[in-house]
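Asker: Following this line is work14.cif, made up of mmCIF, C-alpha atoms:
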```cif
data_query
loop_
_atom_site.label_atom_id
_atom_site.label_comp_id
_atom_site.auth_asym_id
_atom_site.auth_seq_id
_atom_site.Cartn_x
_atom_site.Cartn_y
_atom_site.Cartn_z
CA MET M 1 -4.57 38.99 -7.53
CA SER M 2 -4.27 35.66 -5.72
CA SER M 3 -7.14 34.19 -3.77
CA GLN M 4 -6.87 32.66 -0.33
CA GLY M 5 -6.88 29.23 -1.96
CA ASP M 6 -3.72 30.14 -3.89
CA LEU M 7 -1.63 31.05 -0.84
CA PHE M 8 -0.47 27.54 -0.01
CA ASN M 9 0.59 24.74 -2.28
CA THR M 10 -1.50 22.00 -0.62
CA ARG M 11 -3.84 21.30 -3.52
CA GLU M 12 -1.60 18.74 -5.09
CA ASP M 13 -2.65 15.83 -7.23
CA LYS M 14 -1.27 13.45 -4.61
CA PRO M 15 -3.81 12.39 -2.02
CA LEU M 16 -2.94 12.67 1.64
CA PRO M 17 -1.30 9.55 3.06
CA PRO M 18 -3.47 7.02 4.86
CA VAL M 19 -3.90 7.12 8.63
CA ALA M 20 -3.88 3.77 10.40
CA PRO M 21 -7.28 3.00 11.95
CA GLU M 22 -5.46 2.01 15.14
CA LEU M 23 -4.56 5.65 15.74
CA TRP M 24 -8.21 6.62 16.09
CA GLY M 25 -8.68 3.84 18.64
CA LYS M 26 -5.66 4.99 20.64
CA LEU M 27 -6.85 8.59 20.62
CA ALA M 28 -10.36 7.50 21.67
CA ARG M 29 -8.89 5.75 24.71
CA SER M 30 -7.26 8.98 25.89
CA ALA M 31 -9.58 10.89 28.21
CA PHE M 32 -7.63 14.07 27.45
CA ARG M 33 -7.71 13.75 23.65
CA ARG M 34 -11.36 12.72 23.36
CA LYS M 35 -12.64 15.75 25.24
CA PHE M 36 -11.84 18.01 22.28
CA HIS M 37 -14.67 18.92 19.91
CA LEU M 38 -15.35 21.90 17.69
CA ASN M 39 -17.49 24.55 19.30
CA ALA M 40 -20.31 26.18 17.31
CA GLU M 41 -18.07 29.04 16.15
CA ASP M 42 -15.30 26.74 14.88
CA LEU M 43 -17.82 24.44 13.22
CA SER M 44 -19.47 27.39 11.49
CA TYR M 45 -16.06 28.66 10.35
CA LEU M 46 -15.18 25.22 8.96
CA GLN M 47 -18.49 24.95 7.13
CA GLU M 48 -18.24 28.48 5.74
CA LYS M 49 -14.60 28.31 4.61
CA THR M 50 -14.81 24.62 3.60
CA LEU M 51 -12.47 21.82 4.58
CA PRO M 52 -9.97 22.35 1.73
CA VAL M 53 -9.40 25.99 2.69
CA VAL M 54 -9.12 25.18 6.40
CA LEU M 55 -6.60 22.45 5.55
CA GLU M 56 -4.57 25.03 3.63
CA HIS M 57 -4.39 26.99 6.88
CA GLY M 58 -3.40 23.76 8.61
CA ALA M 59 -0.60 23.12 6.13
CA ASP M 60 0.75 26.58 6.85
CA PHE M 61 0.51 26.06 10.63
CA ILE M 62 2.33 22.73 10.31
CA THR M 63 5.11 24.21 8.17
CA LYS M 64 5.67 27.24 10.37
CA ARG M 65 4.91 25.97 13.88
CA LEU M 66 5.53 22.22 13.89
CA ALA M 67 7.89 21.15 11.12
CA PRO M 68 11.14 22.82 12.25
CA ALA M 69 13.53 20.62 14.21
CA HIS M 70 13.30 23.03 17.14
CA PRO M 71 10.08 25.06 16.79
CA ALA M 72 9.80 28.34 18.65
CA ARG M 73 7.93 27.91 21.93
CA ASP M 74 7.67 24.15 21.42
CA GLY M 75 4.92 22.80 23.62
CA LYS M 76 3.15 26.15 23.57
CA GLN M 77 3.01 26.92 19.86
CA THR M 78 -0.54 25.71 19.30
CA PRO M 79 -3.33 27.80 20.83
CA TRP M 80 -6.15 25.92 22.55
CA LYS M 81 -8.84 27.65 20.53
CA GLY M 82 -9.43 30.18 17.78
CA HIS M 83 -9.22 27.95 14.70
CA PRO M 84 -10.60 24.47 13.92
CA VAL M 85 -7.10 23.22 13.11
CA PHE M 86 -5.83 24.17 16.58
CA VAL M 87 -8.57 22.12 18.24
CA ALA M 88 -7.87 19.22 15.86
CA GLN M 89 -4.17 19.35 16.67
CA HIS M 90 -4.83 18.95 20.39
CA ALA M 91 -7.39 16.21 19.74
CA THR M 92 -4.96 14.24 17.58
CA GLY M 93 -1.62 14.71 19.35
CA THR M 94 -0.24 16.87 16.54
CA CYS M 95 0.06 20.05 18.59
CA CYS M 96 3.77 19.99 19.50
CA ARG M 97 6.89 17.95 18.92
CA SER M 98 6.53 16.04 22.22
CA CYS M 99 3.01 14.95 21.29
CA LEU M 100 4.13 14.10 17.76
CA GLU M 101 6.83 11.89 19.22
CA LYS M 102 4.50 10.20 21.72
CA TRP M 103 1.51 9.65 19.43
CA HIS M 104 3.06 9.43 15.95
CA HIS M 105 6.67 8.41 16.65
CA PHE M 106 8.27 11.40 14.88
CA SER M 107 11.56 12.11 16.61
CA LYS M 108 12.06 15.47 18.23
CA GLY M 109 15.05 17.45 17.02
CA LEU M 110 14.60 16.49 13.37
CA GLN M 111 12.79 18.62 10.80
CA LEU M 112 9.62 16.98 9.54
CA THR M 113 9.84 15.62 6.01
CA ASP M 114 7.27 16.54 3.37
CA LEU M 115 5.67 13.11 3.81
CA GLN M 116 5.47 13.58 7.59
CA LYS M 117 3.91 17.02 7.15
CA ARG M 118 1.34 15.54 4.78
CA TYR M 119 0.64 12.73 7.27
CA VAL M 120 0.02 15.28 10.06
CA LEU M 121 -2.35 17.11 7.73
CA ALA M 122 -4.11 13.80 6.94
CA VAL M 123 -4.63 13.16 10.66
CA ILE M 124 -6.05 16.64 11.16
CA ALA M 125 -8.25 16.23 8.06
CA GLY M 126 -9.60 12.90 9.32
CA TRP M 127 -10.52 14.39 12.68
CA LEU M 128 -12.17 17.45 11.11
CA GLU M 129 -14.13 15.24 8.70
CA HIS M 130 -15.37 13.19 11.65
CA GLU M 131 -16.46 16.36 13.47
CA LEU M 132 -18.32 17.56 10.36
CA ASP M 133 -20.03 14.17 9.94
CA THR M 134 -21.07 14.13 13.60
CA ALA M 135 -22.48 17.67 13.36
CA GLN M 136 -24.40 16.80 10.19
CA LYS M 137 -25.87 13.67 11.78
CA GLN M 138 -26.93 15.61 14.86
CA ALA M 139 -28.55 18.29 12.69
CA ALA M 140 -30.36 15.65 10.64
CA GLU M 141 -31.64 13.95 13.80
CA GLN M 142 -32.93 17.25 15.16
CA ASN M 143 -34.66 18.07 11.86
CA CYS M 144 -36.07 14.57 11.53
CA CYS M 145 -37.43 14.06 15.01
CA PRO M 146 -37.87 17.36 16.89
CA GLU M 147 -40.34 15.72 19.31
CA GLN M 148 -37.79 13.07 20.29
CA THR M 149 -35.11 15.75 20.79
CA LYS M 150 -37.42 17.60 23.19
CA LYS M 151 -38.12 14.36 25.09
CA ASP M 152 -34.38 13.59 25.29
CA ALA M 153 -33.63 17.09 26.56
CA GLY M 154 -36.23 16.75 29.31
CA SER M 155 -35.02 13.39 30.60
#
```
In structure tokens, how does this file's structure come out?
Answerer:
Amino acid sequence: MSSQGDLFNTREDKPLPPVAPELWGKLARSAFRRKFHLNAEDLSYLQEKTLPVVLEHGADFITKRLAPAHPARDGKQTPWKGHPVFVAQHATGTCCRSCLEKWHHFSKGLQLTDLQKRYVLAVIAGWLEHELDTAQKQAAEQNCCPEQTKKDAGS
């Protein structure tokens, strides 16, 4: 019997392609994109399932919902919530073909190549890793200095 980790062929020896640091700066300057963060439920799901498994889900979402030249319901194919990858896609402009064209310069009307799909996954992975790091730092601060957290909450 296959496990969930065996469903998708994303665990390749090849690392994900690099993401230009400039992209993160561009996304941070977008008021719309920077408002997205994982809620407690999505963060818990990501921590429980682990990033590699969640990225396998992401690879499947990309292949089925984003990679075709003319995806079904383009512009509406990515839900706003319900999975950490969905939130990451909206945060990173990888949610639909129009956003992919605007933010990542992938032409609409052309099927995504394997390299482009891996790049989209790398962008999503980078954003999710940042969210995990931020959550871990916040948890460490709360465990380290509970008195300071109470003071900050009261001010």
Asker: Run the PyMOL selection byres ((chain M and resi 92) around 8) mentally over the shown coordinates, then write out the matched residues as a list in words, using the chain letters and numbers from the document.
Answerer: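 Against this file, the PyMOL selection byres ((chain M and resi 92) around 8) returns the residues Leu27, Arg33, Ala88, Gln89, His90, Ala91, Gly93, Thr94, Cys95, Val123, Ile124 and Trp127 of chain M.
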Asker: Pick out the closest residue to Pro18 in chain M from this set: M:Thr50, M:Asn143, M:Gln136, M:Gln116. Count all atoms listed in the file.
Answerer: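 The answer is M:Gln116, which sits nearest to Pro18 in chain M.
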Asker: Could you check the closest approach to Lys64 in chain M for each of M:Ala135, M:Gln77, M:Glu129, M:Leu100 and tell me which residue wins, using all atoms listed in the file?
Answerer: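 Under the stated criterion, the closest residue is M:Gln77.
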Asker: Ranking M:Asn39, M:Gln47, M:Gln138, M:Gln111 by minimum distance to Leu66 in chain M and counting only C-alpha atoms, which one comes first?
Answerer: M:Gln111
Asker: Using all atoms listed in the file, determine which residues lie at most 9 Å from Ala67 in chain M, disregarding the query and same-chain residues fewer than 5 positions distant; provide the list as a ChimeraX atom specification.
Answerer: /M:61-62,97,110-113,116-117
Asker: Rounded to one decimal in Å, what is the spacing between CA of Gly75 in chain M and CA of Cys99 in chain M?
Answerer: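 These atoms are spaced 8.4 Å apart.
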Asker: Please measure the separation of CA of Ser98 in chain M and CA of Gly82 in chain M, giving the value in Å to one decimal.
Answerer: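 That distance, rounded to one decimal, is 21.8 Å.
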Asker: Rank M:Gly109, M:Pro84, M:Pro79, M:Pro15 by their smallest atom-to-atom distance to Leu51 in chain M, using all atoms listed in the file, and report the top residue only.
Answerer: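 Answer, going by the shortest atom-to-atom distance: M:Pro84.
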Asker: In terms of the shortest atom-to-atom distance over only C-alpha atoms, which of M:Leu55, M:Val87, M:Ala72, M:Leu23 is closest to Lys35 in chain M?
Answerer: M:Val87
Asker: Measuring atom to atom with all atoms listed in the file, identify which of M:Lys108, M:Glu101, M:Tyr45, M:Leu38 is nearest to Pro68 in chain M.
Answerer: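 Among the listed residues, the smallest separation from Pro68 in chain M belongs to M:Lys108.
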Asker: Please, what distance in Å, to one decimal, runs between CA of Gly126 in chain M and CA of Pro21 in chain M?
Answerer: 10.5 Å
Asker: Do a neighbour search on Val54 in chain M at 10 Å with only C-alpha atoms, toss out local chain neighbours closer than 2 positions, and write the hits as a PyMOL selection string.
Answerer: chain M and resi 5+45-52+56-60+83-85+125+128
Asker: Box for range 19-24 of chain M - axis-aligned, 4 Å on each of the six sides, all listed atoms - centre and size in Å to one decimal, as AutoDock Vina command-line options.
Answerer:
```
--center_x -6.0 --center_y 4.6 --center_z 12.4 --size_x 12.3 --size_y 13.1 --size_z 15.5
```
Asker: From the coordinates I just gave you, please extract range 27-53 of chain M so that only N, CA and C atoms remain, then output it as a short mmCIF file (atom, residue, chain, number, x, y, z; two decimals), in the first residue's frame.
Answerer:
```
data_model
loop_
_atom_site.label_atom_id
_atom_site.label_comp_id
_atom_site.auth_asym_id
_atom_site.auth_seq_id
_atom_site.Cartn_x
_atom_site.Cartn_y
_atom_site.Cartn_z
N LEU M 27 6.85 41.51 -3.33
CA LEU M 27 5.65 41.03 -2.64
C LEU M 27 5.42 41.78 -1.34
N ALA M 28 6.49 42.12 -0.64
CA ALA M 28 6.36 42.85 0.63
C ALA M 28 5.83 44.27 0.42
N ARG M 29 6.05 44.83 -0.76
CA ARG M 29 5.54 46.17 -1.06
C ARG M 29 4.08 46.17 -1.48
N SER M 30 3.50 45.00 -1.67
CA SER M 30 2.09 44.90 -2.04
C SER M 30 1.24 44.77 -0.78
N ALA M 31 0.40 45.77 -0.54
CA ALA M 31 -0.47 45.73 0.64
C ALA M 31 -1.36 44.50 0.61
N PHE M 32 -1.83 44.13 -0.58
CA PHE M 32 -2.70 42.97 -0.71
C PHE M 32 -1.95 41.68 -0.38
N ARG M 33 -0.78 41.48 -0.97
CA ARG M 33 -0.05 40.23 -0.78
C ARG M 33 0.47 40.06 0.64
N ARG M 34 0.89 41.14 1.27
CA ARG M 34 1.49 41.00 2.60
C ARG M 34 0.47 40.80 3.71
N LYS M 35 -0.80 40.92 3.42
CA LYS M 35 -1.81 40.70 4.46
C LYS M 35 -2.06 39.21 4.72
N PHE M 36 -1.54 38.35 3.86
CA PHE M 36 -1.77 36.91 4.02
C PHE M 36 -0.78 36.31 5.00
N HIS M 37 -1.32 35.54 5.95
CA HIS M 37 -0.53 34.78 6.91
C HIS M 37 -1.30 33.52 7.25
N LEU M 38 -0.60 32.50 7.67
CA LEU M 38 -1.28 31.27 8.07
C LEU M 38 -2.02 31.49 9.37
N ASN M 39 -3.25 31.02 9.43
CA ASN M 39 -3.98 31.07 10.70
C ASN M 39 -3.50 29.88 11.55
N ALA M 40 -3.98 29.82 12.78
CA ALA M 40 -3.52 28.78 13.72
C ALA M 40 -3.80 27.38 13.18
N GLU M 41 -4.95 27.20 12.54
CA GLU M 41 -5.31 25.88 12.01
C GLU M 41 -4.37 25.46 10.87
N ASP M 42 -4.10 26.38 9.95
CA ASP M 42 -3.19 26.06 8.83
C ASP M 42 -1.77 25.83 9.33
N LEU M 43 -1.34 26.62 10.30
CA LEU M 43 0.00 26.46 10.86
C LEU M 43 0.13 25.10 11.55
N SER M 44 -0.88 24.74 12.30
CA SER M 44 -0.89 23.44 12.98
C SER M 44 -0.85 22.30 11.95
N TYR M 45 -1.64 22.44 10.89
CA TYR M 45 -1.67 21.42 9.83
C TYR M 45 -0.28 21.29 9.20
N LEU M 46 0.35 22.42 8.91
CA LEU M 46 1.68 22.41 8.30
C LEU M 46 2.70 21.76 9.24
N GLN M 47 2.63 22.07 10.51
CA GLN M 47 3.57 21.48 11.46
C GLN M 47 3.32 19.98 11.65
N GLU M 48 2.06 19.59 11.64
CA GLU M 48 1.72 18.18 11.83
C GLU M 48 2.11 17.35 10.60
N LYS M 49 1.74 17.82 9.43
CA LYS M 49 2.00 17.05 8.20
C LYS M 49 3.45 17.16 7.74
N THR M 50 4.11 18.22 8.08
CA THR M 50 5.47 18.59 7.70
C THR M 50 5.50 19.27 6.33
N LEU M 51 6.49 20.12 6.16
CA LEU M 51 6.61 20.88 4.92
C LEU M 51 6.73 19.99 3.68
N PRO M 52 7.54 18.93 3.70
CA PRO M 52 7.63 18.10 2.49
C PRO M 52 6.28 17.52 2.04
N VAL M 53 5.47 17.08 2.98
CA VAL M 53 4.17 16.51 2.61
C VAL M 53 3.24 17.61 2.09
#
```
